[in-house]
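A.B. asks: Below is the file upload_10.pdb, which contains PDB, C-alpha atoms, pLDDT in the B column.
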```pdb
ATOM      1  CA  MET A 307      57.384 133.776 149.836  1.00 93.00           C
ATOM      2  CA  ASP A 308      54.922 135.895 147.895  1.00 95.00           C
ATOM      3  CA  LEU A 309      55.969 138.918 145.869  1.00 97.00           C
ATOM      4  CA  ALA A 310      54.225 141.444 148.134  1.00 96.00           C
ATOM      5  CA  THR A 311      56.208 140.191 151.121  1.00 96.00           C
ATOM      6  CA  PHE A 312      59.474 140.123 149.176  1.00 97.00           C
ATOM      7  CA  ILE A 313      59.105 143.687 147.917  1.00 97.00           C
ATOM      8  CA  SER A 314      57.939 145.057 151.266  1.00 96.00           C
ATOM      9  CA  ASN A 315      61.660 145.618 151.837  1.00 96.00           C
ATOM     10  CA  MET A 316      62.453 148.647 149.675  1.00 97.00           C
ATOM     11  CA  ASP A 317      66.112 147.700 149.180  1.00 97.00           C
ATOM     12  CA  ARG A 318      65.076 144.317 147.769  1.00 96.00           C
ATOM     13  CA  ARG A 319      62.384 145.940 145.618  1.00 97.00           C
ATOM     14  CA  VAL A 320      64.837 148.414 144.089  1.00 98.00           C
ATOM     15  CA  GLU A 321      67.477 145.742 143.477  1.00 97.00           C
ATOM     16  CA  LEU A 322      64.980 143.302 141.944  1.00 98.00           C
ATOM     17  CA  ALA A 323      63.632 146.046 139.673  1.00 98.00           C
ATOM     18  CA  ARG A 324      67.175 146.836 138.545  1.00 98.00           C
ATOM     19  CA  ARG A 325      67.881 143.183 137.786  1.00 98.00           C
ATOM     20  CA  LEU A 326      64.634 142.805 135.859  1.00 98.00           C
ATOM     21  CA  GLY A 327      64.993 146.063 133.955  1.00 98.00           C
ATOM     22  CA  THR A 328      61.746 147.471 135.318  1.00 98.00           C
ATOM     23  CA  SER A 329      60.662 149.956 137.955  1.00 98.00           C
ATOM     24  CA  PRO A 330      60.072 149.443 141.675  1.00 98.00           C
ATOM     25  CA  ASP A 331      56.595 150.904 141.158  1.00 97.00           C
ATOM     26  CA  TYR A 332      55.745 148.249 138.574  1.00 97.00           C
ATOM     27  CA  LEU A 333      56.870 145.513 140.960  1.00 97.00           C
ATOM     28  CA  TRP A 334      54.615 147.010 143.623  1.00 97.00           C
ATOM     29  CA  GLN A 335      51.693 146.909 141.151  1.00 97.00           C
ATOM     30  CA  LEU A 336      52.380 143.244 140.464  1.00 97.00           C
ATOM     31  CA  GLY A 337      52.838 142.443 144.137  1.00 95.00           C
ATOM     32  CA  VAL A 338      49.517 143.900 145.228  1.00 95.00           C
ATOM     33  CA  GLY A 339      47.617 143.062 142.046  1.00 95.00           C
ATOM     34  CA  TRP A 340      46.849 146.716 141.421  1.00 95.00           C
ATOM     35  CA  ARG A 341      44.033 146.987 138.882  1.00 95.00           C
ATOM     36  CA  GLY A 342      44.336 143.287 138.163  1.00 94.00           C
ATOM     37  CA  LYS A 343      47.974 143.470 137.070  1.00 94.00           C
ATOM     38  CA  ARG A 344      49.715 140.137 136.737  1.00 95.00           C
ATOM     39  CA  PRO A 345      53.175 139.412 135.381  1.00 97.00           C
ATOM     40  CA  SER A 346      53.595 137.917 131.957  1.00 97.00           C
ATOM     41  CA  PRO A 347      54.800 134.305 131.943  1.00 97.00           C
ATOM     42  CA  GLU A 348      58.285 135.551 131.046  1.00 97.00           C
ATOM     43  CA  MET A 349      58.292 138.082 133.897  1.00 98.00           C
ATOM     44  CA  ALA A 350      57.027 135.439 136.346  1.00 97.00           C
ATOM     45  CA  ARG A 351      59.928 133.163 135.377  1.00 97.00           C
ATOM     46  CA  ALA A 352      62.401 136.038 135.693  1.00 98.00           C
ATOM     47  CA  ILE A 353      61.071 137.009 139.127  1.00 98.00           C
ATOM     48  CA  GLU A 354      61.427 133.406 140.311  1.00 97.00           C
ATOM     49  CA  ARG A 355      64.967 133.171 138.934  1.00 97.00           C
ATOM     50  CA  GLU A 356      66.139 136.475 140.393  1.00 97.00           C
ATOM     51  CA  THR A 357      64.515 136.141 143.814  1.00 97.00           C
ATOM     52  CA  ALA A 358      66.088 132.700 144.204  1.00 97.00           C
ATOM     53  CA  THR A 359      69.503 134.389 144.289  1.00 95.00           C
ATOM     54  CA  TRP A 360      68.576 135.802 147.724  1.00 95.00           C
ATOM     55  CA  GLY A 361      68.224 132.254 149.040  1.00 93.00           C
ATOM     56  CA  ARG A 362      65.589 129.555 149.186  1.00 92.00           C
ATOM     57  CA  ARG A 363      63.381 131.258 151.761  1.00 93.00           C
ATOM     58  CA  PHE A 364      63.158 134.408 149.618  1.00 95.00           C
ATOM     59  CA  ARG A 365      62.292 132.702 146.334  1.00 96.00           C
ATOM     60  CA  VAL A 366      59.005 133.844 144.842  1.00 97.00           C
ATOM     61  CA  ARG A 367      57.672 130.901 142.879  1.00 96.00           C
ATOM     62  CA  LYS A 368      56.140 131.511 139.487  1.00 96.00           C
ATOM     63  CA  GLU A 369      53.154 129.374 140.544  1.00 95.00           C
ATOM     64  CA  THR A 370      52.244 131.955 143.193  1.00 94.00           C
ATOM     65  CA  LEU A 371      52.484 134.738 140.618  1.00 95.00           C
ATOM     66  CA  ARG A 372      50.452 133.016 137.897  1.00 95.00           C
ATOM     67  CA  PRO A 373      48.505 130.058 139.307  1.00 93.00           C
ATOM     68  CA  ASP A 374      46.360 130.140 136.147  1.00 94.00           C
ATOM     69  CA  LEU A 375      49.407 128.914 134.216  1.00 93.00           C
ATOM     70  CA  TRP A 376      51.282 126.732 136.695  1.00 85.00           C
ATOM     71  CA  GLY A 377      48.867 126.117 139.566  1.00 69.00           C
TER      72      GLY A 377
END
```
Would you write out, as structure tokens, the structure that this file holds?

C.D. replies:
Amino acid sequence: MDLATFISNMDRRVELARRLGTSPDYLWQLGVGWRGKRPSPEMARAIERETATWGRRFRVRKETLRPDLWG
């Protein structure tokens, strides 16, 4: 799953932001690539780790977030 799809559910977006110590708005910026925003390598790993707790079909892989690093 990609981040934009995952965070399209506001409850998931708010919970993921809480777990990551960031804001739901920042996750939206990352999800849509607003103004070229991309997560840091550390944030990409954290997003993958935390989204995996919702189950395999919800996991957002770090490779989809930063293909320039892991693609």

A.B. asks: Applied to the shown file, which residues does the PyMOL selection byres ((chain A and resi 329-341) around 12) return, written as an MDAnalysis selection string?

C.D. replies: chainID A and resid 307:328 342:346 349:350 353 366 370:372

A.B. asks: Could you work out an axis-aligned box for segment 353-360 of chain A, taking every atom the file lists and adding 3 Å on each side, and report centre and edge lengths in Å to one decimal, as lines of an AutoDock Vina configuration file?

C.D. replies:
```
center_x = 65.3
center_y = 134.9
center_z = 143.3
size_x = 14.4
size_y = 10.3
size_z = 14.8
```

A.B. asks: Between atom CA of Glu369 of chain A and atom CA of Ala352 of chain A, what is the distance, to one decimal in Å?

C.D. replies: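 Result for atom CA of Glu369 of chain A versus atom CA of Ala352 of chain A: 12.4 Å, one decimal.
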
A.B. asks: Report the distance between atom CA of Glu348 of chain A and atom CA of Trp360 of chain A in Å, rounded to one decimal place.

C.D. replies: 19.6 Å
